[in-house]
$ cat upload.cif   # mmCIF, C-alpha atoms
data_work
loop_
_atom_site.label_atom_id
_atom_site.label_comp_id
_atom_site.auth_asym_id
_atom_site.auth_seq_id
_atom_site.Cartn_x
_atom_site.Cartn_y
_atom_site.Cartn_z
CA MET O 1 83.65 33.80 -30.38
CA ALA O 2 79.90 33.54 -29.89
CA TYR O 3 79.73 30.25 -31.77
CA MET O 4 82.22 28.73 -29.28
CA ARG O 5 80.13 29.50 -26.19
CA PRO O 6 77.93 26.35 -26.37
CA ALA O 7 81.03 24.18 -26.62
CA ILE O 8 82.71 25.99 -23.70
CA THR O 9 79.53 25.62 -21.62
CA ARG O 10 79.34 21.92 -22.46
CA ILE O 11 82.98 21.38 -21.49
CA ALA O 12 82.41 23.23 -18.21
CA LYS O 13 79.40 21.04 -17.40
CA GLN O 14 81.35 17.88 -18.21
CA LYS O 15 84.20 19.05 -16.00
CA LYS O 16 81.76 19.72 -13.17
CA LYS O 17 80.22 16.25 -13.53
CA MET O 18 83.67 14.67 -13.49
CA GLU O 19 84.56 16.57 -10.32
CA GLU O 20 81.30 15.51 -8.65
CA ARG O 21 81.88 11.91 -9.65
CA ALA O 22 85.45 12.03 -8.35
CA GLY O 23 84.11 13.37 -5.09
CA LYS O 24 82.02 10.22 -4.66
CA LEU O 25 84.95 7.87 -5.17
CA ILE O 26 86.58 6.40 -2.11
CA ILE O 27 90.19 5.33 -1.90
CA ARG O 28 89.92 2.47 0.53
CA TYR O 29 91.45 2.51 4.00
CA PRO O 30 93.72 -0.38 5.02
CA ALA O 31 91.83 -3.66 5.40
CA TYR O 32 92.44 -3.81 9.16
CA LEU O 33 90.31 -0.70 9.71
CA TYR O 34 87.25 -2.32 8.15
CA THR O 35 87.83 -5.53 10.11
CA LEU O 36 87.89 -3.49 13.31
CA PHE O 37 84.78 -1.61 12.26
CA TYR O 38 82.81 -4.80 11.60
CA ALA O 39 83.97 -6.17 14.98
CA PHE O 40 82.78 -2.91 16.52
CA GLY O 41 79.43 -3.36 14.73
CA LEU O 42 79.03 -6.88 16.10
CA TYR O 43 79.69 -5.63 19.61
CA LEU O 44 76.94 -3.02 19.19
CA VAL O 45 74.47 -5.90 18.93
CA LEU O 46 76.09 -8.00 21.65
CA PRO O 47 77.41 -5.57 24.30
CA LEU O 48 78.32 -8.17 26.89
CA ILE O 49 81.38 -6.58 28.57
CA ASP O 50 82.06 -3.03 29.80
CA VAL O 51 85.33 -1.22 30.50
CA PRO O 52 85.70 -1.01 34.31
CA LEU O 53 85.24 2.41 35.98
CA LEU O 54 84.56 4.44 32.81
CA GLY O 55 81.29 2.73 31.95
CA LEU O 56 82.27 2.54 28.26
CA SER O 57 81.88 -0.59 26.18
CA ILE O 58 84.84 -2.86 25.56
CA SER O 59 84.59 -1.71 21.95
CA ALA O 60 85.87 1.76 22.95
CA PRO O 61 89.58 0.91 22.42
CA ILE O 62 88.73 -0.55 19.02
CA PHE O 63 86.77 2.53 18.07
CA PHE O 64 89.53 4.92 19.13
CA VAL O 65 91.86 3.23 16.63
CA ILE O 66 89.23 3.65 13.91
CA ALA O 67 88.52 7.27 14.86
CA ALA O 68 92.21 8.22 15.01
CA THR O 69 92.73 6.82 11.52
CA VAL O 70 89.80 8.55 9.83
CA ILE O 71 90.41 11.88 11.64
CA PHE O 72 94.19 12.21 11.43
CA LYS O 73 94.84 10.18 8.27
CA PRO O 74 91.68 10.57 6.16
CA VAL O 75 91.76 9.34 2.57
CA LYS O 76 90.14 12.64 1.61
CA PRO O 77 88.88 15.74 3.47
CA TRP O 78 85.42 15.09 4.88
CA PHE O 79 84.81 17.51 7.77
CA LYS O 80 83.29 20.25 5.61
CA GLU O 81 80.83 17.82 4.02
CA HIS O 82 79.69 16.61 7.45
CA GLN O 83 79.84 19.97 9.18
CA GLY O 84 76.08 20.04 9.82
CA TRP O 85 76.18 16.86 11.91
CA ILE O 86 79.45 17.95 13.54
CA ILE O 87 77.97 21.31 14.59
CA LEU O 88 74.87 19.63 16.06
CA SER O 89 77.07 17.13 17.89
CA LEU O 90 79.22 19.88 19.35
CA SER O 91 76.08 21.79 20.37
CA ILE O 92 74.74 18.77 22.24
CA TRP O 93 78.07 18.13 23.95
CA LEU O 94 78.49 21.77 24.99
CA ALA O 95 74.97 21.70 26.43
CA VAL O 96 75.80 18.56 28.42
CA ALA O 97 79.04 20.07 29.71
CA LEU O 98 77.61 23.50 30.56
CA SER O 99 74.51 22.09 32.22
CA THR O 100 76.52 19.68 34.35
CA ILE O 101 79.27 22.11 35.34
CA ILE O 102 76.90 25.01 36.10
CA ASN O 103 74.72 22.79 38.29
CA GLU O 104 77.83 21.70 40.18
CA MET O 105 78.72 25.36 40.83
CA LEU O 106 75.27 26.55 41.91
CA PRO O 107 74.69 27.20 45.63
CA GLY O 108 73.63 23.97 47.27
CA GLY O 109 74.99 21.88 44.41
CA SER O 110 76.85 18.73 45.36
CA PHE O 111 79.73 17.16 43.47
CA ASN O 112 78.50 14.41 41.16
CA ARG O 113 81.45 12.30 40.01
CA SER O 114 79.28 10.26 37.63
CA GLY O 115 77.96 13.44 36.04
CA MET O 116 81.46 14.77 35.40
CA ILE O 117 82.55 11.44 33.90
CA SER O 118 79.47 11.54 31.67
CA ILE O 119 80.83 14.69 30.00
CA LEU O 120 83.68 12.55 28.66
CA GLN O 121 81.26 9.76 27.81
CA TYR O 122 79.05 12.06 25.77
CA ALA O 123 82.14 13.33 23.93
CA TYR O 124 82.89 9.71 23.04
CA TRP O 125 79.30 8.89 22.01
CA LEU O 126 79.01 11.97 19.81
CA LEU O 127 82.37 11.14 18.24
CA VAL O 128 80.94 7.69 17.50
CA PHE O 129 77.97 9.33 15.76
CA VAL O 130 80.15 11.55 13.55
CA VAL O 131 82.71 8.88 12.60
CA CYS O 132 80.04 6.24 11.92
CA GLY O 133 78.15 8.76 9.80
CA TYR O 134 81.27 9.21 7.69
CA LEU O 135 82.16 5.51 7.34
CA PHE O 136 78.59 4.43 6.61
CA ARG O 137 78.64 6.63 3.52
CA ASP O 138 80.55 3.83 1.85
CA GLY O 139 77.88 1.60 0.34
CA GLU O 140 79.99 -1.53 0.67
CA VAL O 141 80.72 -0.87 4.35
CA ARG O 142 77.04 -0.20 4.99
CA LYS O 143 75.98 -3.41 3.26
CA ARG O 144 78.45 -5.58 5.15
CA THR O 145 77.67 -3.95 8.48
CA ILE O 146 73.97 -4.60 7.98
CA ASP O 147 74.86 -8.27 7.42
CA VAL O 148 76.81 -8.14 10.70
CA PHE O 149 73.78 -6.61 12.44
CA ALA O 150 71.52 -9.36 11.08
CA PHE O 151 73.93 -12.06 12.25
CA GLY O 152 74.28 -10.41 15.65
CA SER O 153 70.50 -10.24 16.02
CA LEU O 154 70.35 -13.96 15.29
CA VAL O 155 72.97 -14.68 17.98
CA LEU O 156 71.06 -12.46 20.38
CA GLY O 157 67.94 -14.55 19.79
CA ILE O 158 69.91 -17.75 20.46
CA LEU O 159 71.26 -16.31 23.72
CA ARG O 160 67.75 -15.44 24.87
CA TRP O 161 66.56 -18.98 24.10
CA VAL O 162 69.57 -20.38 26.02
CA GLU O 163 68.47 -18.37 29.04
CA ALA O 164 64.92 -19.66 28.66
CA LEU O 165 65.58 -23.35 28.00
CA ILE O 166 68.70 -23.92 30.11
CA PHE O 167 68.31 -21.42 32.97
CA GLY O 168 64.50 -21.28 32.97
CA ARG O 169 64.39 -17.50 32.41
CA ILE O 170 61.06 -17.42 30.62
CA GLY O 171 58.93 -14.31 30.41
CA ALA O 172 59.11 -10.95 32.16
CA TRP O 173 60.72 -10.57 35.59
CA SER O 174 62.44 -13.93 35.17
CA GLY O 175 65.90 -12.57 36.10
CA THR O 176 67.83 -12.94 32.87
CA GLN O 177 71.58 -13.31 33.39
CA ILE O 178 73.47 -12.49 30.20
CA MET O 179 71.59 -9.22 29.69
CA THR O 180 68.64 -7.61 31.41
CA GLN O 181 65.15 -8.12 30.03
CA ASN O 182 65.01 -4.46 28.96
CA GLY O 183 68.50 -4.75 27.49
CA TYR O 184 67.44 -7.67 25.32
CA GLY O 185 64.28 -5.81 24.35
CA PHE O 186 66.04 -2.65 23.18
CA GLN O 187 68.65 -4.60 21.21
CA PHE O 188 65.85 -6.49 19.45
CA SER O 189 64.07 -3.22 18.63
CA ALA O 190 67.22 -1.79 17.08
CA PHE O 191 68.51 -4.79 15.12
CA TYR O 192 65.63 -7.18 14.34
CA PRO O 193 64.68 -5.16 11.20
CA PHE O 194 67.97 -6.19 9.60
CA LEU O 195 67.12 -9.84 10.16
CA ILE O 196 63.71 -9.38 8.54
CA TYR O 197 65.42 -7.55 5.69
CA LYS O 198 67.41 -10.70 4.94
CA VAL O 199 64.13 -12.57 4.43
CA PHE O 200 62.50 -9.90 2.26
CA ASN O 201 65.60 -9.27 0.15
CA LEU O 202 65.36 -11.48 -2.95
CA SER O 203 69.14 -11.60 -3.43
CA THR O 204 69.88 -13.04 0.04
CA ARG O 205 71.99 -16.21 -0.08
CA LYS O 206 71.24 -19.25 2.08
CA LYS O 207 67.83 -17.76 2.71
CA GLY O 208 66.49 -20.88 4.40
CA TRP O 209 68.83 -20.36 7.36
CA TRP O 210 67.90 -16.70 7.61
CA ILE O 211 64.20 -17.60 7.56
CA LEU O 212 64.62 -20.06 10.42
CA GLY O 213 66.75 -17.55 12.29
CA THR O 214 64.16 -14.82 11.87
CA ALA O 215 61.41 -17.08 13.22
CA MET O 216 63.58 -18.25 16.12
CA THR O 217 64.46 -14.67 17.06
CA LEU O 218 60.82 -13.64 16.87
CA GLY O 219 60.08 -16.37 19.39
CA ALA O 220 62.88 -15.04 21.61
CA ILE O 221 61.32 -11.57 21.43
CA ALA O 222 57.98 -13.06 22.47
CA ILE O 223 59.29 -14.98 25.50
CA ASN O 224 61.50 -12.09 26.59
CA GLY O 225 58.36 -10.19 27.54
CA SER O 226 59.60 -6.64 26.92
CA ARG O 227 56.41 -4.75 26.11
CA GLY O 228 58.45 -1.83 24.79
CA SER O 229 60.06 -4.04 22.15
CA TRP O 230 56.72 -5.63 21.30
CA VAL O 231 55.12 -2.26 20.59
CA ALA O 232 58.17 -0.89 18.75
CA ILE O 233 58.54 -3.99 16.57
CA ALA O 234 54.80 -4.15 15.82
CA ILE O 235 54.84 -0.53 14.64
CA GLY O 236 58.07 -1.02 12.71
CA PHE O 237 56.99 -4.27 11.07
CA SER O 238 53.69 -2.76 9.89
CA LEU O 239 55.56 0.20 8.44
CA MET O 240 58.18 -2.07 6.87
CA VAL O 241 55.55 -4.18 5.11
CA PHE O 242 53.91 -1.03 3.75
CA LEU O 243 57.19 0.41 2.46
CA PHE O 244 58.40 -2.88 1.00
CA PHE O 245 55.07 -3.24 -0.77
CA LEU O 246 55.43 0.30 -2.07
CA TYR O 247 58.95 -0.20 -3.39
CA SER O 248 59.13 -3.95 -4.09
CA PRO O 249 55.74 -5.77 -4.15
CA ARG O 250 57.33 -9.05 -5.25
CA SER O 251 59.70 -9.26 -2.28
CA THR O 252 56.87 -8.23 0.06
CA PHE O 253 54.54 -11.06 -0.95
CA TYR O 254 57.43 -13.50 -0.82
CA GLY O 255 58.60 -12.39 2.63
CA LEU O 256 55.11 -12.14 4.12
CA SER O 257 54.05 -15.59 2.97
CA ILE O 258 57.13 -17.12 4.61
CA LEU O 259 56.75 -15.17 7.84
CA LEU O 260 53.05 -15.99 8.04
CA VAL O 261 53.71 -19.71 7.87
CA LEU O 262 56.49 -19.46 10.44
CA THR O 263 54.34 -17.36 12.77
CA ILE O 264 51.61 -20.00 12.66
CA LEU O 265 54.18 -22.67 13.45
CA GLY O 266 55.47 -20.55 16.32
CA GLY O 267 51.94 -20.22 17.68
CA LEU O 268 51.59 -23.98 17.61
CA VAL O 269 54.85 -24.34 19.58
CA LEU O 270 53.56 -21.95 22.23
CA SER O 271 50.26 -23.79 22.43
CA VAL O 272 51.91 -27.13 23.25
CA SER O 273 54.22 -25.59 25.89
CA PRO O 274 52.14 -24.36 28.85
CA GLU O 275 55.06 -22.48 30.39
CA LEU O 276 55.89 -20.56 27.21
CA ASN O 277 52.23 -19.93 26.50
CA LEU O 278 51.62 -18.58 30.01
CA ALA O 279 54.66 -16.27 29.84
CA VAL O 280 53.48 -14.68 26.59
CA SER O 281 49.72 -14.61 27.26
CA SER O 282 50.08 -13.12 30.74
CA ARG O 283 52.26 -10.34 29.36
CA ILE O 284 49.71 -9.64 26.64
CA ASP O 285 46.95 -9.51 29.25
CA SER O 286 48.96 -6.98 31.27
CA MET O 287 48.85 -4.58 28.33
CA THR O 288 45.06 -4.42 28.57
CA SER O 289 45.16 -3.30 32.21
CA LEU O 290 48.19 -1.01 32.43
CA ASP O 291 46.66 1.22 35.11
CA GLU O 292 46.77 -1.77 37.43
CA ASP O 293 50.40 -2.58 36.58
CA LYS O 294 52.77 -1.12 39.21
CA SER O 295 55.73 -1.01 36.82
CA TYR O 296 53.76 1.07 34.32
CA VAL O 297 52.33 3.36 37.01
CA VAL O 298 55.81 3.96 38.49
CA ARG O 299 57.02 5.01 35.05
CA LYS O 300 54.15 7.50 34.79
CA VAL O 301 55.21 8.97 38.14
CA LEU O 302 58.81 9.24 36.91
CA VAL O 303 57.62 11.09 33.81
CA GLN O 304 55.79 13.45 36.18
CA LYS O 305 59.06 13.93 38.09
CA GLY O 306 60.98 14.69 34.91
CA LEU O 307 58.48 17.32 33.80
CA LYS O 308 58.56 18.98 37.24
CA LEU O 309 62.36 19.07 37.22
CA PHE O 310 62.19 20.71 33.79
CA GLU O 311 59.72 23.30 35.08
CA GLU O 312 62.12 24.11 37.92
CA SER O 313 65.11 24.53 35.58
CA PRO O 314 63.86 24.84 31.98
CA ILE O 315 67.01 26.34 30.43
CA ILE O 316 69.94 24.24 31.67
CA GLY O 317 68.16 21.35 33.40
CA VAL O 318 69.54 19.69 36.52
CA GLY O 319 72.75 18.30 35.03
CA SER O 320 73.90 14.97 33.66
CA LEU O 321 72.86 11.86 35.61
CA ARG O 322 71.26 13.96 38.36
CA PHE O 323 67.73 12.73 37.64
CA THR O 324 68.00 10.04 40.30
CA GLU O 325 69.52 12.43 42.85
CA GLU O 326 67.07 15.31 42.55
CA LYS O 327 63.86 15.40 44.60
CA THR O 328 60.56 17.09 43.87
CA ASN O 329 56.98 16.96 45.08
CA LEU O 330 55.51 13.86 43.51
CA GLU O 331 51.83 13.01 43.45
CA LEU O 332 51.48 9.26 43.90
CA PRO O 333 48.38 7.49 42.53
CA GLU O 334 46.34 5.26 44.79
CA LEU O 335 48.05 2.11 43.51
CA LEU O 336 51.36 3.43 44.95
CA SER O 337 49.92 4.97 48.11
CA HIS O 338 51.91 2.58 50.31
CA ALA O 339 55.11 2.71 48.25
CA ASN O 340 58.35 4.18 49.58
CA ILE O 341 58.64 7.49 47.73
CA GLU O 342 62.40 7.69 48.35
CA ILE O 343 62.93 4.44 46.44
CA ILE O 344 60.86 5.77 43.54
CA GLU O 345 62.84 9.05 43.56
CA ARG O 346 66.10 7.11 43.07
CA LYS O 347 64.87 5.26 39.96
CA GLN O 348 65.88 6.09 36.41
CA SER O 349 63.17 7.77 34.35
CA HIS O 350 62.70 4.85 31.93
CA ASN O 351 61.99 7.56 29.35
CA SER O 352 64.93 8.88 27.32
CA TYR O 353 63.14 12.00 26.10
CA ILE O 354 61.93 13.09 29.54
CA GLN O 355 65.25 12.37 31.25
CA PHE O 356 67.22 14.30 28.61
CA LEU O 357 64.79 17.21 28.90
CA ALA O 358 65.03 17.22 32.71
CA GLU O 359 68.81 16.91 32.82
CA PHE O 360 69.79 19.31 30.03
CA GLY O 361 66.75 21.56 29.62
CA LEU O 362 66.14 23.47 26.40
CA LEU O 363 69.88 24.05 26.04
CA GLY O 364 70.45 20.38 25.19
CA SER O 365 66.99 19.29 24.05
CA ILE O 366 66.73 21.73 21.13
CA PRO O 367 69.90 20.58 19.30
CA PHE O 368 69.03 16.95 20.10
CA LEU O 369 65.55 17.42 18.62
CA LEU O 370 67.05 19.13 15.55
CA LEU O 371 69.39 16.16 15.13
CA LEU O 372 66.52 13.64 15.19
CA LEU O 373 64.35 15.75 12.87
CA GLY O 374 67.26 16.21 10.48
CA LEU O 375 67.81 12.45 10.31
CA LEU O 376 64.11 11.79 9.75
CA LEU O 377 63.88 14.37 6.97
CA GLN O 378 67.00 12.95 5.37
CA LEU O 379 65.53 9.46 5.32
CA TYR O 380 62.28 10.81 3.88
CA GLY O 381 64.30 12.39 1.08
CA LEU O 382 65.70 8.98 0.10
CA ARG O 383 62.39 7.61 -1.17
CA LYS O 384 63.24 8.45 -4.81
CA ARG O 385 66.60 6.71 -4.48
CA VAL O 386 64.94 3.58 -3.09
CA ILE O 387 62.45 3.51 -5.97
CA GLN O 388 65.13 4.00 -8.61
CA SER O 389 67.77 1.63 -7.23
CA GLY O 390 65.65 -0.85 -5.28
CA GLU O 391 67.95 -0.29 -2.30
CA LEU O 392 65.72 -1.87 0.35
CA GLN O 393 68.44 -1.73 3.00
CA ILE O 394 67.48 1.95 3.36
CA VAL O 395 64.01 0.80 4.43
CA ALA O 396 65.54 -1.50 7.05
CA ILE O 397 67.65 1.38 8.39
CA PHE O 398 64.58 3.61 8.54
CA ILE O 399 62.58 0.96 10.42
CA SER O 400 65.41 0.41 12.90
CA PHE O 401 65.48 4.15 13.50
CA VAL O 402 61.71 4.34 14.02
CA GLN O 403 61.73 1.37 16.39
CA MET O 404 64.52 2.89 18.46
CA LEU O 405 62.73 6.23 18.69
CA THR O 406 59.58 4.39 19.75
CA HIS O 407 61.27 2.19 22.33
CA ILE O 408 63.27 4.97 24.04
CA TRP O 409 59.96 6.38 25.26
CA VAL O 410 59.97 3.57 27.83
CA ILE O 411 63.70 3.09 28.41
CA ASN O 412 66.68 5.32 29.13
CA ALA O 413 69.02 4.44 26.27
CA LEU O 414 70.75 7.67 25.24
CA THR O 415 73.76 6.82 27.38
CA SER O 416 74.87 3.96 25.15
CA THR O 417 77.34 3.63 22.29
CA MET O 418 74.84 1.64 20.26
CA PHE O 419 72.23 4.40 20.13
CA TRP O 420 74.64 7.01 18.76
CA ALA O 421 76.26 4.57 16.33
CA MET O 422 72.84 3.76 14.89
CA LEU O 423 72.16 7.47 14.44
CA GLY O 424 75.45 7.52 12.54
CA LEU O 425 74.15 4.73 10.32
CA VAL O 426 71.13 6.87 9.47
CA ALA O 427 73.34 9.90 8.78
CA GLY O 428 75.62 7.88 6.49
CA ALA O 429 72.74 6.28 4.61
CA GLY O 430 71.51 9.74 3.69
CA LYS O 431 74.41 10.23 1.32
CA GLU O 432 74.47 8.77 -2.16
CA ASP O 433 76.21 5.43 -2.53
CA VAL O 434 79.83 5.99 -3.34
CA GLN O 435 81.72 4.10 -5.97
CA VAL O 436 84.34 1.93 -4.34
CA LYS O 437 87.84 1.96 -5.78
#
$ encode --input "upload.cif" --output "structure tokens"
Amino acid sequence: MAYMRPAITRIAKQKKKMEERAGKLIIRYPAYLYTLFYAFGLYLVLPLIDVPLLGLSISAPIFFVIAATVIFKPVKPWFKEHQGWIILSLSIWLAVALSTIINEMLPGGSFNRSGMISILQYAYWLLVFVVCGYLFRDGEVRKRTIDVFAFGSLVLGILRWVEALIFGRIGAWSGTQIMTQNGYGFQFSAFYPFLIYKVFNLSTRKKGWWILGTAMTLGAIAINGSRGSWVAIAIGFSLMVFLFFLYSPRSTFYGLSILLVLTILGGLVLSVSPELNLAVSSRIDSMTSLDEDKSYVVRKVLVQKGLKLFEESPIIGVGSLRFTEEKTNLELPELLSHANIEIIERKQSHNSYIQFLAEFGLLGSIPFLLLLLGLLLQLYGLRKRVIQSGELQIVAIFISFVQMLTHIWVINALTSTMFWAMLGLVAGAGKEDVQVK
């Protein structure tokens, strides 16, 4: 029998490989589900309408159909494989619920209807993260959704130019109408990398249109005047060029040469339009004297408030959406010596990390930090796959993730469907591409 052992071992290994391969195959869902999912993806880029009262996006009904299908009628069991992300999601939601409910019950606590509704909202957002993480495992779905993101980013750029050229909303504090200036800025930070990816990707069809669209959108980012998006995109673009050069030097030189020419042309356009030039140059100048900028100084005071609220309740925080309602002893700098402190107290933190820490304490911040670190480590582990397969879309996903994490330092964006869906994209990209059946 000893002579048969190598053959038995070989058969066992082959069986194991076949089982692993079968585990990566996907029996496709009905076509309507993918159509709904791509529509949901487009709305993530262009969130122009909300559901009244609940504060959820109009995409929520669409997503509930998708979620019900993949949870109650899955093509194969998937909860065990995603149990790590599910456990972290449940931990975050339980922290949100416990923090909010306990703060409502404490002596002196006042009923906060918005905070109680936010418990349901967080349940929805975390469900979005888990379901998107599962669906984005499918390489074909991920590829098509990235195309949707790129197209949506292009439309977003067009909308911003419409506001500038038709309604005269040029530069910061110009009173944009379709979305807020910060809203435009955060959407650009999250989705512009996918537009750049279309330029750098050598297999992109109709590249000329994508090149023009990328340049046009870059101009929209410039005239929008969101310094947060400028910084996030500058960091992300530098990192993207480095990674593309590392994994695909040919596409990097090709993409950079095109973008360089278009950037020069864009500079010439700004130089011949005094209004556009003034809007951009004045915003750039403001970044060299931030301590004299009231908006920036107010944000520093709000960070101070968040840290003091955390010191007062480090374990459970002050509860969901109570940042604007809580008061503490603030030290105002000289620039704000004549400001109304009550108005400042009622402002949002404009810093997602600080607000989350203040509202949910260590109870919520630890699992949230573990979630972000887990996603970063997962993306880092994909470098070998990118080298072997040339899958540059992974780089675009990584850059989008980095730009979002950078931008949320100056904006409160955790209470949005888009943020959690994009985390789901990162989670799904961490799995090997499945073979589509």
$ residues_around --input "upload.cif" --residues "Ile223 (chain O)" --least-positions-apart "5" --cutoff "7 Å" --atoms "all atoms listed in the file" --output "MDAnalysis selection string"
chainID O and resid 170:171 276 279:280
$ resolve_selection --input "upload.cif" --expression "the PyMOL selection byres ((chain O and resi 94) around 12)" --output "list of chain:residue names"
O:Ile87, O:Leu88, O:Ser89, O:Leu90, O:Ser91, O:Ile92, O:Trp93, O:Ala95, O:Val96, O:Ala97, O:Leu98, O:Ser99, O:Thr100, O:Ile101, O:Ile102, O:Ile119, O:Leu120, O:Tyr122, O:Ala123, O:Leu126, O:Ile316, O:Ser320, O:Phe360, O:Leu363, O:Gly364, O:Ser365, O:Pro367, O:Phe368
$ write_last_selection --input "upload.cif" --atoms "C-alpha atoms" --output "PDB file, in the frame of the given file"
ATOM      1  CA  ILE O  87      77.970  21.310  14.590  1.00  0.00           C
ATOM      2  CA  LEU O  88      74.870  19.630  16.060  1.00  0.00           C
ATOM      3  CA  SER O  89      77.070  17.130  17.890  1.00  0.00           C
ATOM      4  CA  LEU O  90      79.220  19.880  19.350  1.00  0.00           C
ATOM      5  CA  SER O  91      76.080  21.790  20.370  1.00  0.00           C
ATOM      6  CA  ILE O  92      74.740  18.770  22.240  1.00  0.00           C
ATOM      7  CA  TRP O  93      78.070  18.130  23.950  1.00  0.00           C
ATOM      8  CA  ALA O  95      74.970  21.700  26.430  1.00  0.00           C
ATOM      9  CA  VAL O  96      75.800  18.560  28.420  1.00  0.00           C
ATOM     10  CA  ALA O  97      79.040  20.070  29.710  1.00  0.00           C
ATOM     11  CA  LEU O  98      77.610  23.500  30.560  1.00  0.00           C
ATOM     12  CA  SER O  99      74.510  22.090  32.220  1.00  0.00           C
ATOM     13  CA  THR O 100      76.520  19.680  34.350  1.00  0.00           C
ATOM     14  CA  ILE O 101      79.270  22.110  35.340  1.00  0.00           C
ATOM     15  CA  ILE O 102      76.900  25.010  36.100  1.00  0.00           C
ATOM     16  CA  ILE O 119      80.830  14.690  30.000  1.00  0.00           C
ATOM     17  CA  LEU O 120      83.680  12.550  28.660  1.00  0.00           C
ATOM     18  CA  TYR O 122      79.050  12.060  25.770  1.00  0.00           C
ATOM     19  CA  ALA O 123      82.140  13.330  23.930  1.00  0.00           C
ATOM     20  CA  LEU O 126      79.010  11.970  19.810  1.00  0.00           C
ATOM     21  CA  ILE O 316      69.940  24.240  31.670  1.00  0.00           C
ATOM     22  CA  SER O 320      73.900  14.970  33.660  1.00  0.00           C
ATOM     23  CA  PHE O 360      69.790  19.310  30.030  1.00  0.00           C
ATOM     24  CA  LEU O 363      69.880  24.050  26.040  1.00  0.00           C
ATOM     25  CA  GLY O 364      70.450  20.380  25.190  1.00  0.00           C
ATOM     26  CA  SER O 365      66.990  19.290  24.050  1.00  0.00           C
ATOM     27  CA  PRO O 367      69.900  20.580  19.300  1.00  0.00           C
ATOM     28  CA  PHE O 368      69.030  16.950  20.100  1.00  0.00           C
TER      29      PHE O 368
END
$ atom_distance --input "upload.cif" --atom1 "CA of Leu375 (chain O)" --atom2 "CA of Val426 (chain O)"
6.5 Å
$ resolve_selection --input "upload.cif" --expression "the PyMOL selection byres ((chain O and resi 240) around 10)" --output "PyMOL selection string"
chain O and resi 193+196-197+233-239+241-246+252+392+395-396+398-400
$ resolve_selection --input "upload.cif" --expression "the PyMOL selection byres ((chain O and resi 346) around 9)" --output "PyMOL selection string"
chain O and resi 323-327+341-345+347-348
$ residues_around --input "upload.cif" --residues "Val303 (chain O)" --least-positions-apart "2" --cutoff "12 Å" --atoms "all atoms listed in the file" --output "number ranges by chain"
O: 296-301, 305-310, 323, 330-332, 344-345, 347-358, 409-412
$ write_last_selection --input "upload.cif" --atoms "C-alpha atoms" --output "short mmCIF file (atom, residue, chain, number, x, y, z; two decimals), in the frame of the given file"
data_model
loop_
_atom_site.label_atom_id
_atom_site.label_comp_id
_atom_site.auth_asym_id
_atom_site.auth_seq_id
_atom_site.Cartn_x
_atom_site.Cartn_y
_atom_site.Cartn_z
CA TYR O 296 53.76 1.07 34.32
CA VAL O 297 52.33 3.36 37.01
CA VAL O 298 55.81 3.96 38.49
CA ARG O 299 57.02 5.01 35.05
CA LYS O 300 54.15 7.50 34.79
CA VAL O 301 55.21 8.97 38.14
CA LYS O 305 59.06 13.93 38.09
CA GLY O 306 60.98 14.69 34.91
CA LEU O 307 58.48 17.32 33.80
CA LYS O 308 58.56 18.98 37.24
CA LEU O 309 62.36 19.07 37.22
CA PHE O 310 62.19 20.71 33.79
CA PHE O 323 67.73 12.73 37.64
CA LEU O 330 55.51 13.86 43.51
CA GLU O 331 51.83 13.01 43.45
CA LEU O 332 51.48 9.26 43.90
CA ILE O 344 60.86 5.77 43.54
CA GLU O 345 62.84 9.05 43.56
CA LYS O 347 64.87 5.26 39.96
CA GLN O 348 65.88 6.09 36.41
CA SER O 349 63.17 7.77 34.35
CA HIS O 350 62.70 4.85 31.93
CA ASN O 351 61.99 7.56 29.35
CA SER O 352 64.93 8.88 27.32
CA TYR O 353 63.14 12.00 26.10
CA ILE O 354 61.93 13.09 29.54
CA GLN O 355 65.25 12.37 31.25
CA PHE O 356 67.22 14.30 28.61
CA LEU O 357 64.79 17.21 28.90
CA ALA O 358 65.03 17.22 32.71
CA TRP O 409 59.96 6.38 25.26
CA VAL O 410 59.97 3.57 27.83
CA ILE O 411 63.70 3.09 28.41
CA ASN O 412 66.68 5.32 29.13
#
$ atom_distance --input "upload.cif" --atom1 "CA of Thr214 (chain O)" --atom2 "CA of Leu195 (chain O)"
6.0 Å
$ atom_distance --input "upload.cif" --atom1 "CA of Arg283 (chain O)" --atom2 "CA of Ile166 (chain O)"
21.3 Å
$ residues_around --input "upload.cif" --residues "Gly228 (chain O)" --least-positions-apart "6" --cutoff "8 Å" --atoms "all atoms listed in the file" --output "tab-separated table (two decimals) with C-alpha atoms, in the frame of the given file"
chain	number	residue	atom	x	y	z
O	185	GLY	CA	64.28	-5.81	24.35
O	186	PHE	CA	66.04	-2.65	23.18
O	407	HIS	CA	61.27	2.19	22.33
O	410	VAL	CA	59.97	3.57	27.83
$ residues_around --input "upload.cif" --residues "Asn201 (chain O)" --least-positions-apart "6" --cutoff "12 Å" --atoms "all atoms listed in the file" --output "JSON, numbers by chain"
{"O": [147, 193, 194, 195, 207, 210, 211, 244, 247, 248, 249, 250, 251, 252, 253, 254, 255, 256, 390, 391, 392, 393, 394, 395, 396]}
$ residues_around --input "upload.cif" --residues "Val70 (chain O)" --least-positions-apart "4" --cutoff "12 Å" --atoms "all atoms listed in the file" --output "PyMOL selection string"
chain O and resi 28-30+33-34+37+63-66+74-79+127-128+130-135
$ closest_residue --input "upload.cif" --among "O:Ala60, O:Val155, O:Leu302, O:Val162" --to "Leu36 (chain O)" --atoms "all atoms listed in the file"
O:Ala60
